[in-house]
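> Here you go, this is query38.cif (mmCIF, C-alpha atoms).
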```cif
data_start
loop_
_atom_site.label_atom_id
_atom_site.label_comp_id
_atom_site.auth_asym_id
_atom_site.auth_seq_id
_atom_site.Cartn_x
_atom_site.Cartn_y
_atom_site.Cartn_z
CA MET A 1 97.14 77.07 81.86
CA GLU A 2 99.26 73.95 81.13
CA GLU A 3 98.41 72.63 84.56
CA VAL A 4 94.71 73.29 83.95
CA TYR A 5 94.81 71.20 80.78
CA THR A 6 96.26 68.23 82.63
CA LYS A 7 94.23 68.53 85.86
CA ILE A 8 90.76 69.06 84.35
CA THR A 9 89.68 65.93 82.50
CA GLY A 10 86.44 64.30 81.36
CA LYS A 11 86.16 62.83 84.87
CA THR A 12 86.12 66.29 86.53
CA ARG A 13 82.68 67.18 87.91
CA LEU A 14 83.43 70.44 89.66
CA VAL A 15 86.22 73.01 89.40
CA SER A 16 86.61 75.33 92.38
CA ILE A 17 89.09 78.16 91.99
CA ALA A 18 89.95 81.48 93.61
CA HIS A 19 90.01 84.47 91.29
CA MET A 20 92.89 86.00 93.26
CA SER A 21 95.32 84.36 95.71
CA ASN A 22 94.89 85.72 99.23
CA VAL A 23 98.61 85.14 99.83
CA LEU A 24 100.51 85.93 96.64
CA GLY A 25 97.98 88.24 95.03
CA THR A 26 98.19 86.24 91.82
CA VAL A 27 95.19 86.83 89.58
CA TYR A 28 94.13 83.66 87.78
CA PRO A 29 92.68 83.55 84.25
CA VAL A 30 89.27 82.38 85.45
CA LYS A 31 87.55 83.04 82.14
CA GLU A 32 89.91 80.73 80.24
CA ILE A 33 89.78 78.12 83.00
CA THR A 34 85.97 78.22 83.01
CA GLU A 35 85.86 77.84 79.25
CA TYR A 36 88.09 74.78 79.38
CA ALA A 37 86.23 73.25 82.34
CA HIS A 38 82.93 73.65 80.46
CA LEU A 39 84.46 71.95 77.46
CA LYS A 40 85.15 68.97 79.73
CA GLY A 41 81.63 69.06 81.18
CA ALA A 42 82.54 70.39 84.66
CA VAL A 43 80.70 72.95 86.76
CA VAL A 44 82.82 75.95 87.85
CA VAL A 45 82.69 77.64 91.25
CA ILE A 46 84.76 80.82 91.56
CA ASP A 47 85.80 82.27 94.91
CA GLY A 48 85.68 86.01 94.36
CA ALA A 49 86.14 87.02 98.00
CA GLN A 50 89.62 88.42 97.30
CA SER A 51 88.99 89.75 93.79
CA ILE A 52 85.50 91.33 93.85
CA PRO A 53 86.58 94.36 95.93
CA HIS A 54 89.41 95.09 93.49
CA ILE A 55 88.47 93.87 90.02
CA LYS A 56 85.36 94.64 88.01
CA THR A 57 83.73 91.23 87.71
CA ASP A 58 81.18 90.16 85.12
CA VAL A 59 79.77 86.70 85.83
CA ILE A 60 78.12 86.54 82.39
CA ASP A 61 81.37 87.32 80.61
CA ILE A 62 83.32 84.77 82.71
CA ASP A 63 80.40 82.36 82.24
CA ALA A 64 80.80 81.31 85.90
CA ASP A 65 78.32 78.70 87.09
CA PHE A 66 78.74 79.89 90.66
CA LEU A 67 80.65 82.80 92.17
CA VAL A 68 80.88 83.63 95.85
CA PHE A 69 82.17 86.61 97.82
CA SER A 70 81.88 88.19 101.23
CA GLY A 71 80.77 91.65 102.30
CA HIS A 72 83.44 92.49 104.85
CA LYS A 73 86.26 92.53 102.30
CA MET A 74 84.53 95.23 100.26
CA LEU A 75 83.65 97.80 102.92
CA GLY A 76 80.41 95.98 103.75
CA PRO A 77 79.32 94.51 107.09
CA MET A 78 80.50 91.20 108.49
CA GLY A 79 78.21 88.18 108.36
CA ILE A 80 76.90 88.65 104.84
CA GLY A 81 78.08 87.43 101.48
CA VAL A 82 76.80 86.59 98.05
CA LEU A 83 76.34 83.28 96.30
CA TYR A 84 75.68 83.81 92.63
CA GLY A 85 74.51 80.77 90.68
CA LYS A 86 73.08 80.21 87.24
CA LYS A 87 69.33 79.92 87.58
CA GLU A 88 69.07 76.52 85.88
CA LEU A 89 71.60 75.08 88.36
CA LEU A 90 69.97 76.67 91.40
CA GLU A 91 66.58 75.31 90.21
CA ILE A 92 67.76 71.71 90.41
CA MET A 93 69.51 72.11 93.76
CA PRO A 94 67.65 70.89 96.85
CA PRO A 95 67.50 73.32 99.78
CA PHE A 96 70.33 72.72 102.26
CA LEU A 97 68.53 74.44 105.13
CA MET A 98 64.88 74.26 106.14
CA GLY A 99 63.13 77.20 107.74
CA GLY A 100 60.91 80.20 107.37
CA ASP A 101 60.11 81.58 103.93
CA MET A 102 61.48 78.65 101.98
CA ILE A 103 58.30 76.55 101.83
CA GLU A 104 55.36 76.63 99.48
CA TYR A 105 52.85 74.02 100.72
CA VAL A 106 53.44 71.89 103.80
CA GLU A 107 51.34 68.74 104.15
CA GLU A 108 51.66 65.97 106.69
CA GLN A 109 53.69 63.79 104.33
CA GLU A 110 54.75 66.17 101.63
CA THR A 111 56.28 69.59 101.26
CA THR A 112 56.90 71.72 98.26
CA PHE A 113 59.37 74.54 98.30
CA ASN A 114 59.09 78.18 97.43
CA GLU A 115 60.61 79.47 94.20
CA LEU A 116 64.08 80.99 93.90
CA PRO A 117 65.69 82.70 95.68
CA HIS A 118 63.46 81.96 98.71
CA LYS A 119 64.01 78.20 98.38
CA LEU A 120 67.66 78.70 99.37
CA GLU A 121 67.18 81.47 101.93
CA ALA A 122 65.65 79.72 104.93
CA GLY A 123 65.06 81.56 108.16
CA THR A 124 65.08 85.15 109.27
CA PRO A 125 66.97 87.14 106.68
CA ASN A 126 69.99 89.26 107.58
CA VAL A 127 68.24 92.46 106.50
CA GLU A 128 70.72 94.95 107.94
CA GLY A 129 73.60 92.98 106.40
CA ALA A 130 71.97 93.02 102.96
CA ILE A 131 71.24 96.74 103.12
CA GLY A 132 74.78 97.46 104.35
CA LEU A 133 76.34 95.38 101.58
CA ALA A 134 74.16 97.02 98.93
CA ALA A 135 75.28 100.43 100.21
CA ALA A 136 78.93 99.32 100.03
CA ILE A 137 78.49 98.06 96.46
CA ASN A 138 76.80 101.30 95.39
CA TYR A 139 79.61 103.28 97.00
CA LEU A 140 82.31 101.27 95.21
CA ASN A 141 80.47 101.56 91.90
CA LYS A 142 80.19 105.30 92.36
CA ILE A 143 83.94 105.59 92.87
CA GLY A 144 84.44 103.23 89.95
CA PHE A 145 86.51 100.07 89.79
CA SER A 146 88.91 101.56 87.26
CA ASN A 147 89.73 104.35 89.75
CA ILE A 148 90.11 101.86 92.61
CA ASN A 149 92.31 99.68 90.45
CA ARG A 150 94.50 102.57 89.32
CA HIS A 151 95.01 103.70 92.92
CA GLU A 152 95.86 100.20 94.16
CA ARG A 153 98.22 99.60 91.27
CA LYS A 154 100.11 102.76 92.10
CA LEU A 155 100.41 101.74 95.77
CA THR A 156 101.41 98.16 94.92
CA ALA A 157 104.09 99.33 92.47
CA TYR A 158 105.46 101.77 95.05
CA ALA A 159 105.47 99.18 97.85
CA LEU A 160 107.04 96.49 95.67
CA SER A 161 109.83 98.75 94.48
CA SER A 162 110.54 99.99 98.02
CA MET A 163 110.46 96.50 99.52
CA THR A 164 112.67 94.86 96.92
CA LYS A 165 115.33 97.52 97.58
CA ILE A 166 115.80 96.16 101.11
CA PRO A 167 118.27 93.26 100.80
CA TYR A 168 116.93 91.20 103.73
CA VAL A 169 113.28 91.38 102.62
CA LYS A 170 111.99 88.54 100.48
CA VAL A 171 108.80 89.20 98.51
CA TYR A 172 106.69 86.28 97.27
CA GLY A 173 104.46 86.13 94.21
CA PRO A 174 104.57 87.71 90.77
CA MET A 175 106.27 91.10 90.29
CA ASP A 176 104.34 91.89 87.13
CA LEU A 177 101.51 94.26 88.07
CA ASP A 178 99.22 92.84 85.40
CA SER A 179 99.12 89.43 87.04
CA ARG A 180 98.89 90.42 90.69
CA GLY A 181 96.57 92.26 93.02
CA ALA A 182 97.18 94.59 95.95
CA VAL A 183 98.41 92.07 98.52
CA ILE A 184 102.10 91.42 99.12
CA SER A 185 103.43 88.51 101.16
CA PHE A 186 106.97 88.83 102.43
CA ASN A 187 109.49 87.72 105.00
CA ILE A 188 112.32 89.48 106.76
CA GLU A 189 115.37 87.27 106.91
CA GLY A 190 115.93 85.91 110.41
CA CYS A 191 112.67 87.28 111.82
CA HIS A 192 109.50 85.34 112.45
CA PRO A 193 106.37 86.89 110.86
CA HIS A 194 104.58 87.09 114.20
CA ASP A 195 107.36 89.20 115.65
CA VAL A 196 107.36 91.28 112.46
CA ALA A 197 103.61 91.92 112.75
CA SER A 198 103.80 92.83 116.46
CA ILE A 199 106.64 95.29 115.87
CA VAL A 200 105.15 96.88 112.76
CA ASP A 201 101.80 97.11 114.56
CA SER A 202 103.37 99.27 117.24
CA TYR A 203 104.15 101.82 114.49
CA GLY A 204 100.49 101.80 113.42
CA VAL A 205 100.64 99.39 110.50
CA ALA A 206 98.39 96.31 110.61
CA LEU A 207 99.78 93.26 108.84
CA ARG A 208 98.53 89.75 108.75
CA ALA A 209 101.08 87.14 109.81
CA GLY A 210 100.73 83.40 109.64
CA HIS A 211 100.04 80.67 107.10
CA HIS A 212 96.96 82.49 105.74
CA CYS A 213 94.95 79.25 105.82
CA VAL A 214 97.19 77.74 103.11
CA GLN A 215 99.65 75.45 104.83
CA PRO A 216 100.37 73.54 101.58
CA LEU A 217 101.51 76.78 99.91
CA MET A 218 103.74 77.60 102.91
CA LYS A 219 105.30 74.16 102.53
CA TYR A 220 105.80 74.81 98.82
CA LEU A 221 107.48 78.14 99.59
CA LYS A 222 109.56 76.36 102.27
CA VAL A 223 108.51 78.81 105.01
CA SER A 224 106.44 78.32 108.16
CA ALA A 225 104.58 81.58 107.67
CA THR A 226 104.71 84.96 105.94
CA SER A 227 103.74 88.52 106.74
CA ARG A 228 101.28 90.16 104.38
CA ILE A 229 100.41 93.74 103.66
CA SER A 230 97.34 94.66 101.65
CA PHE A 231 96.03 97.89 100.16
CA TYR A 232 92.67 99.28 99.36
CA LEU A 233 91.20 102.56 98.19
CA TYR A 234 91.69 104.27 101.55
CA ASN A 235 95.46 103.68 101.75
CA THR A 236 98.05 106.28 100.81
CA SER A 237 101.67 106.22 99.68
CA SER A 238 102.76 108.03 102.86
CA GLU A 239 101.39 105.04 104.80
CA ILE A 240 103.65 102.83 102.71
CA ASP A 241 106.57 105.07 103.74
CA ILE A 242 105.70 104.43 107.41
CA PHE A 243 105.47 100.72 106.67
CA ILE A 244 108.88 100.66 104.97
CA GLU A 245 110.47 102.60 107.84
CA SER A 246 108.93 100.23 110.39
CA ILE A 247 110.09 97.06 108.64
CA LYS A 248 113.58 98.52 108.64
CA LEU A 249 113.33 98.73 112.44
CA VAL A 250 112.23 95.12 112.91
CA ARG A 251 115.70 93.65 112.87
CA LYS A 252 116.91 96.26 115.31
CA TRP A 253 114.20 95.27 117.79
CA LEU A 254 115.00 91.61 117.33
CA ARG A 255 118.73 92.31 117.72
CA TYR A 256 119.31 90.50 114.48
CA GLY A 257 122.95 90.54 113.55
CA ALA A 258 123.76 92.49 116.72
CA MET B 1 101.98 98.49 123.56
CA GLU B 2 105.53 99.54 124.29
CA LEU B 3 107.80 97.22 122.38
CA ASP B 4 110.64 97.58 124.87
CA LEU B 5 108.44 95.92 127.51
CA ILE B 6 108.16 92.85 125.28
CA TYR B 7 111.36 92.58 123.30
CA THR B 8 113.57 93.09 126.34
CA GLU B 9 117.29 92.37 126.48
CA LEU B 10 116.69 89.25 128.56
CA ILE B 11 114.03 87.85 126.26
CA MET B 12 116.01 88.61 123.12
CA GLU B 13 119.13 87.08 124.60
CA HIS B 14 117.24 83.86 125.20
CA SER B 15 115.58 83.89 121.79
CA GLN B 16 119.00 83.99 120.15
CA SER B 17 120.81 81.70 122.53
CA SER B 18 121.15 78.07 121.57
CA HIS B 19 122.48 76.72 124.87
CA ASN B 20 119.25 74.77 125.52
CA LYS B 21 118.56 74.00 121.88
CA LYS B 22 119.75 70.45 121.30
CA ARG B 23 118.68 66.83 121.38
CA LEU B 24 119.00 65.09 124.72
CA ASP B 25 120.72 61.73 124.98
CA HIS B 26 118.67 59.14 126.85
CA ALA B 27 115.64 61.38 127.33
CA ASP B 28 112.92 59.93 129.55
CA CYS B 29 110.23 61.72 127.63
CA THR B 30 109.78 63.72 124.45
CA GLU B 31 106.82 65.99 123.86
CA ARG B 32 105.99 68.04 120.79
CA GLY B 33 103.99 71.22 121.19
CA HIS B 34 102.85 73.50 118.43
CA ASN B 35 100.61 76.47 117.70
CA PRO B 36 98.98 75.43 114.43
CA SER B 37 97.72 78.93 113.69
CA CYS B 38 101.18 80.51 113.64
CA GLY B 39 103.67 77.70 113.20
CA ASP B 40 105.52 77.73 116.52
CA ASP B 41 106.68 74.17 116.84
CA ILE B 42 108.87 72.86 119.65
CA THR B 43 109.93 69.44 120.83
CA LEU B 44 110.80 69.29 124.51
CA GLU B 45 112.90 66.49 125.97
CA LEU B 46 113.28 65.74 129.68
CA ARG B 47 115.45 63.46 131.74
CA PHE B 48 114.39 62.70 135.29
CA ASP B 49 116.32 61.75 138.40
CA LYS B 50 113.71 60.22 140.69
CA ASP B 51 111.19 63.04 141.14
CA LYS B 52 113.52 65.76 139.88
CA ILE B 53 114.09 67.17 136.42
CA LYS B 54 117.74 66.40 135.81
CA GLU B 55 118.13 67.65 132.27
CA ALA B 56 115.97 69.37 129.68
CA ALA B 57 116.44 70.59 126.11
CA PHE B 58 114.42 71.54 123.07
CA THR B 59 114.49 71.67 119.30
CA GLY B 60 112.16 73.39 116.88
CA SER B 61 111.34 76.74 115.40
CA GLY B 62 109.04 79.67 115.95
CA CYS B 63 108.87 83.33 116.82
CA ALA B 64 111.25 85.08 119.19
CA ILE B 65 108.76 84.95 122.06
CA SER B 66 108.13 81.19 121.84
CA GLN B 67 111.82 80.39 121.49
CA ALA B 68 112.84 82.66 124.36
CA SER B 69 110.09 81.36 126.63
CA THR B 70 111.17 77.77 126.03
CA SER B 71 114.85 78.48 126.56
CA MET B 72 114.21 80.39 129.77
CA MET B 73 111.85 77.73 131.09
CA ILE B 74 114.51 75.07 130.63
CA ASP B 75 117.03 77.15 132.59
CA ILE B 76 114.73 77.47 135.58
CA ILE B 77 113.17 73.99 135.78
CA LYS B 78 116.44 72.07 135.99
CA ASP B 79 117.06 70.40 139.34
CA LYS B 80 113.56 71.21 140.53
CA SER B 81 111.01 68.63 141.59
CA ILE B 82 108.17 67.65 139.30
CA LEU B 83 105.63 69.08 141.74
CA GLU B 84 107.46 72.39 141.91
CA VAL B 85 107.68 72.58 138.14
CA ILE B 86 103.97 71.86 137.64
CA ASN B 87 103.23 74.64 140.12
CA MET B 88 105.52 76.99 138.19
CA ALA B 89 103.76 76.14 134.94
CA ASP B 90 100.38 76.91 136.53
CA ILE B 91 101.64 80.19 137.94
CA PHE B 92 103.21 81.18 134.61
CA ILE B 93 100.01 80.45 132.69
CA SER B 94 97.95 82.33 135.30
CA MET B 95 100.34 85.27 135.11
CA ILE B 96 99.86 85.51 131.35
CA LYS B 97 96.09 85.21 131.79
CA LYS B 98 96.27 88.06 134.34
CA GLU B 99 94.83 85.84 137.05
CA ILE B 100 97.57 86.50 139.62
CA ILE B 101 96.77 89.33 141.99
CA ASN B 102 99.59 88.85 144.48
CA GLU B 103 102.94 89.79 142.92
CA ASP B 104 104.77 87.67 145.52
CA ASP B 105 103.27 84.56 143.94
CA LEU B 106 105.32 85.28 140.81
CA ARG B 107 108.68 85.09 142.58
CA ILE B 108 109.10 81.37 142.00
CA LEU B 109 109.15 82.08 138.25
CA GLU B 110 112.56 83.73 138.58
CA ASP B 111 113.61 85.20 135.19
CA ALA B 112 110.40 84.06 133.51
CA ILE B 113 108.65 87.01 135.17
CA ALA B 114 110.07 88.88 132.17
CA PHE B 115 107.12 87.59 130.15
CA LYS B 116 104.54 89.29 132.34
CA ASN B 117 103.90 92.06 129.81
CA ILE B 118 102.86 89.54 127.16
CA SER B 119 99.57 89.46 129.03
CA ASN B 120 98.90 92.87 127.45
CA MET B 121 99.43 91.47 123.98
CA PRO B 122 96.62 88.99 123.35
CA ALA B 123 97.92 87.96 119.93
CA ARG B 124 101.18 86.74 121.46
CA VAL B 125 99.90 84.97 124.58
CA LYS B 126 99.99 81.56 122.97
CA CYS B 127 103.61 82.05 121.93
CA ALA B 128 104.66 82.58 125.55
CA VAL B 129 102.67 79.74 127.10
CA LEU B 130 103.46 77.07 124.49
CA SER B 131 106.55 75.77 126.28
CA TRP B 132 104.84 75.57 129.67
CA HIS B 133 101.82 73.74 128.26
CA THR B 134 104.20 71.36 126.49
CA LEU B 135 106.08 70.79 129.75
CA LYS B 136 102.86 69.88 131.58
CA GLU B 137 101.91 67.46 128.81
CA ALA B 138 105.38 65.91 128.89
CA ILE B 139 105.20 65.32 132.63
CA LYS B 140 101.66 63.98 132.37
CA GLY B 141 102.78 61.57 129.65
CA ALA B 142 105.81 60.40 131.62
CA ASN B 143 103.90 59.58 134.79
#
```
For the structure just supplied, provide its representation as structure tokens.

Amino acid sequence: MEEVYTKITGKTRLVSIAHMSNVLGTVYPVKEITEYAHLKGAVVVIDGAQSIPHIKTDVIDIDADFLVFSGHKMLGPMGIGVLYGKKELLEIMPPFLMGGDMIEYVEEQETTFNELPHKLEAGTPNVEGAIGLAAAINYLNKIGFSNINRHERKLTAYALSSMTKIPYVKVYGPMDLDSRGAVISFNIEGCHPHDVASIVDSYGVALRAGHHCVQPLMKYLKVSATSRISFYLYNTSSEIDIFIESIKLVRKWLRYGA
Amino acid sequence: MELDLIYTELIMEHSQSSHNKKRLDHADCTERGHNPSCGDDITLELRFDKDKIKEAAFTGSGCAISQASTSMMIDIIKDKSILEVINMADIFISMIKKEIINEDDLRILEDAIAFKNISNMPARVKCAVLSWHTLKEAIKGAN
């Protein structure tokens, strides 16, 4: 929070922050940050794309001005997401797209716009996406976020303890389960993440390898890229065993130290 | 995908070998090539003797495939004419894109044929072709 106090000043108009890091899994104290930003007169936009599928999120409690997330990270279809905004802020925003359903009266020289949410939803709506996302949300709610969270926490703890036992594996991000989510970035000494991902993939484990769209963080960590494993409600601890066995084989394939 | 068709002895030998990994004194041209999405980053240096490639070397970092492909390319382009080398680059890139029907066309690639199976691994194609694209750019820039 120290950094927040120095970075957010009376001159700050907008604070945009991710709820959870897509690389390190770090969960940020968005409620406290929002409170401080409001104190300084700034508007807060929270990126919940990484956190919404994993953490029960209450926009009223956080007091977020805006919060965004996408459907495909929470078992929903691709091509749909949610932009939540406080009504009074959405009211004063001009439409950014013109099109069907967003007009009220159209005259030769003057147009008035439809009321919310239609004003901001120009064009043919993505009906199947919306229905699919609603079904995904209902499904997740039925399972319950506390159950999802408990399951992920168990998997993350197991993976972290297994990975840190391997001397040539370096894990990035916090080790404390209270301040991290179910993604783990790591590197295998002497092996490039793209080779790691290809090799592990051949054993049936899909990793993401690369800079994860955060080149500045890679520079900060002094690496060109990392591999990343992530868990959700459908993963099991026996899958983590397969993953651990396959990362042990990576250096053999790459003839490291041979 | 069978890993032993990709991470072969020959390819791994080249990825770990540093015999072509150095700076070149009095290089006629220097070309940097990188794959921004994954971080492969090589700098290729060439020295010409009339229309021939007299000497070549590279520096940089990246995955095993990109490093091996660069090292092997340097071995086979030395003492070849610029026209020959451009033709090899085109054939190599076509091979990876699965555009070559006639296997005989691949013979001029010598050891670099070892990368043929990368064409079955779409995520790694750009690692294998980086050095050859960089070579073409270097020659284009030098002439």
> Residues near Ile33 (chain A), anyone? I mean within 10 Å using only C-alpha atoms, not counting same-chain ones fewer than 2 positions away, as a PyMOL selection string.
chain A and resi 1+4-5+8+15+17+28-31+35-39+44+62+64
> Kindly assemble as CSV a list of the chain A residues that lie within 7 Å of chain B, each paired with its nearest atom pair and their distance in Å to one decimal, using only C-alpha atoms, sorted first by chain and then by ascending residue number.

```
residue,atom,partner,partner_atom,distance
A:His192,CA,B:Cys63,CA,4.9
A:His194,CA,B:Cys63,CA,6.3
A:Asp195,CA,B:Cys63,CA,6.2
A:Ile199,CA,B:Leu3,CA,6.9
A:Ser202,CA,B:Met1,CA,6.5
A:Gly210,CA,B:Cys38,CA,5.0
A:His211,CA,B:Cys38,CA,6.6
A:Ser224,CA,B:Gly39,CA,5.8
A:Ala225,CA,B:Gly39,CA,6.8
A:Trp253,CA,B:Tyr7,CA,6.8
A:Leu254,CA,B:Met12,CA,6.6
```
> Can you pull out the residues contacting Ala206 (chain A)? Cut-off 8 Å, using all atoms listed in the file, and skip same-chain residues under 2 positions away; I want them as a list in words.
Ala197, Val200, Asp201, Gly204, Arg208 and Ile229 of chain A
> Taking the file above as input, evaluate the PyMOL selection byres ((chain A and resi 130-139) around 12) and report the hits as a PyMOL selection string.
chain A and resi 52-54+56+69-82+125-129+140-145+148+233
> Report as a list in words the full result of the PyMOL selection byres ((chain B and resi 69) around 9) when it is applied to this structure.
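Residues picked by the PyMOL selection byres ((chain B and resi 69) around 9): Ile11, His14, Ser15, Ala64, Ile65, Ser66, Gln67, Ala68, Thr70, Ser71, Met72, Met73, Ile74, Ala112, Phe115, Cys127, Ala128, Val129, Leu130, Ser131 and Trp132 of chain B.
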> Please report the interatomic distance between CA of Glu121 (chain A) and CA of Leu90 (chain A) in Å with one decimal.
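Separating CA of Glu121 (chain A) from CA of Leu90 (chain A) is a distance of 11.9 Å.
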> Choose the residue, out of B:Val125, B:Ile86, B:Ile113, B:Ala57, that has the smallest atom-to-atom separation from Asp28 (chain B); count only C-alpha atoms.
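Of all the options, B:Ala57 lies closest to Asp28 (chain B).
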> Between CA of Ser227 (chain A) and CA of Asn35 (chain B), what is the distance, to one decimal in Å?
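Between these atoms lies a distance of 16.6 Å.
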> Quick check, in Å to one decimal: how far apart do CA of Asn149 (chain A) and CA of Ile244 (chain A) lie?
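Pair CA of Asn149 (chain A) / CA of Ile244 (chain A) returns 22.1 Å.
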> Fix up region 128-147 of chain A with N, CA and C atoms, then write it as a PDB file, in the coordinates of the input.

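Listed below is the output, out13.pdb:
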```pdb
ATOM      1  N   GLU A 128      69.768  93.834 107.805  1.00  0.00           N
ATOM      2  CA  GLU A 128      70.720  94.950 107.940  1.00  0.00           C
ATOM      3  C   GLU A 128      72.008  94.658 107.189  1.00  0.00           C
ATOM      4  N   GLY A 129      72.401  93.363 107.151  1.00  0.00           N
ATOM      5  CA  GLY A 129      73.600  92.980 106.400  1.00  0.00           C
ATOM      6  C   GLY A 129      73.412  93.242 104.903  1.00  0.00           C
ATOM      7  N   ALA A 130      72.240  92.861 104.403  1.00  0.00           N
ATOM      8  CA  ALA A 130      71.970  93.020 102.960  1.00  0.00           C
ATOM      9  C   ALA A 130      71.946  94.491 102.578  1.00  0.00           C
ATOM     10  N   ILE A 131      71.318  95.303 103.427  1.00  0.00           N
ATOM     11  CA  ILE A 131      71.240  96.740 103.120  1.00  0.00           C
ATOM     12  C   ILE A 131      72.633  97.371 103.198  1.00  0.00           C
ATOM     13  N   GLY A 132      73.409  96.945 104.198  1.00  0.00           N
ATOM     14  CA  GLY A 132      74.780  97.460 104.350  1.00  0.00           C
ATOM     15  C   GLY A 132      75.646  97.074 103.162  1.00  0.00           C
ATOM     16  N   LEU A 133      75.523  95.835 102.717  1.00  0.00           N
ATOM     17  CA  LEU A 133      76.340  95.380 101.580  1.00  0.00           C
ATOM     18  C   LEU A 133      75.934  96.113 100.307  1.00  0.00           C
ATOM     19  N   ALA A 134      74.623  96.296 100.127  1.00  0.00           N
ATOM     20  CA  ALA A 134      74.160  97.020  98.930  1.00  0.00           C
ATOM     21  C   ALA A 134      74.715  98.441  98.929  1.00  0.00           C
ATOM     22  N   ALA A 135      74.747  99.061 100.118  1.00  0.00           N
ATOM     23  CA  ALA A 135      75.280 100.430 100.210  1.00  0.00           C
ATOM     24  C   ALA A 135      76.767 100.438  99.851  1.00  0.00           C
ATOM     25  N   ALA A 136      77.494  99.411 100.330  1.00  0.00           N
ATOM     26  CA  ALA A 136      78.930  99.320 100.030  1.00  0.00           C
ATOM     27  C   ALA A 136      79.151  99.156  98.525  1.00  0.00           C
ATOM     28  N   ILE A 137      78.346  98.307  97.907  1.00  0.00           N
ATOM     29  CA  ILE A 137      78.490  98.060  96.460  1.00  0.00           C
ATOM     30  C   ILE A 137      78.190  99.344  95.672  1.00  0.00           C
ATOM     31  N   ASN A 138      77.137 100.043  96.077  1.00  0.00           N
ATOM     32  CA  ASN A 138      76.800 101.300  95.390  1.00  0.00           C
ATOM     33  C   ASN A 138      77.928 102.311  95.530  1.00  0.00           C
ATOM     34  N   TYR A 139      78.508 102.348  96.729  1.00  0.00           N
ATOM     35  CA  TYR A 139      79.610 103.280  97.000  1.00  0.00           C
ATOM     36  C   TYR A 139      80.814 102.969  96.101  1.00  0.00           C
ATOM     37  N   LEU A 140      81.155 101.670  96.028  1.00  0.00           N
ATOM     38  CA  LEU A 140      82.310 101.270  95.210  1.00  0.00           C
ATOM     39  C   LEU A 140      82.040 101.553  93.731  1.00  0.00           C
ATOM     40  N   ASN A 141      80.806 101.299  93.298  1.00  0.00           N
ATOM     41  CA  ASN A 141      80.470 101.560  91.900  1.00  0.00           C
ATOM     42  C   ASN A 141      80.545 103.048  91.578  1.00  0.00           C
ATOM     43  N   LYS A 142      80.160 103.853  92.564  1.00  0.00           N
ATOM     44  CA  LYS A 142      80.190 105.300  92.360  1.00  0.00           C
ATOM     45  C   LYS A 142      81.637 105.777  92.186  1.00  0.00           C
ATOM     46  N   ILE A 143      82.519 105.233  93.009  1.00  0.00           N
ATOM     47  CA  ILE A 143      83.940 105.590  92.870  1.00  0.00           C
ATOM     48  C   ILE A 143      84.492 105.039  91.559  1.00  0.00           C
ATOM     49  N   GLY A 144      84.024 103.851  91.213  1.00  0.00           N
ATOM     50  CA  GLY A 144      84.440 103.230  89.950  1.00  0.00           C
ATOM     51  C   GLY A 144      85.612 102.292  90.126  1.00  0.00           C
ATOM     52  N   PHE A 145      85.463 101.073  89.605  1.00  0.00           N
ATOM     53  CA  PHE A 145      86.510 100.070  89.790  1.00  0.00           C
ATOM     54  C   PHE A 145      87.798 100.440  89.047  1.00  0.00           C
ATOM     55  N   SER A 146      87.678 101.197  87.972  1.00  0.00           N
ATOM     56  CA  SER A 146      88.910 101.560  87.260  1.00  0.00           C
ATOM     57  C   SER A 146      89.719 102.542  88.117  1.00  0.00           C
ATOM     58  N   ASN A 147      89.014 103.428  88.855  1.00  0.00           N
ATOM     59  CA  ASN A 147      89.730 104.350  89.750  1.00  0.00           C
ATOM     60  C   ASN A 147      90.361 103.600  90.913  1.00  0.00           C
TER      61      ASN A 147
END
```
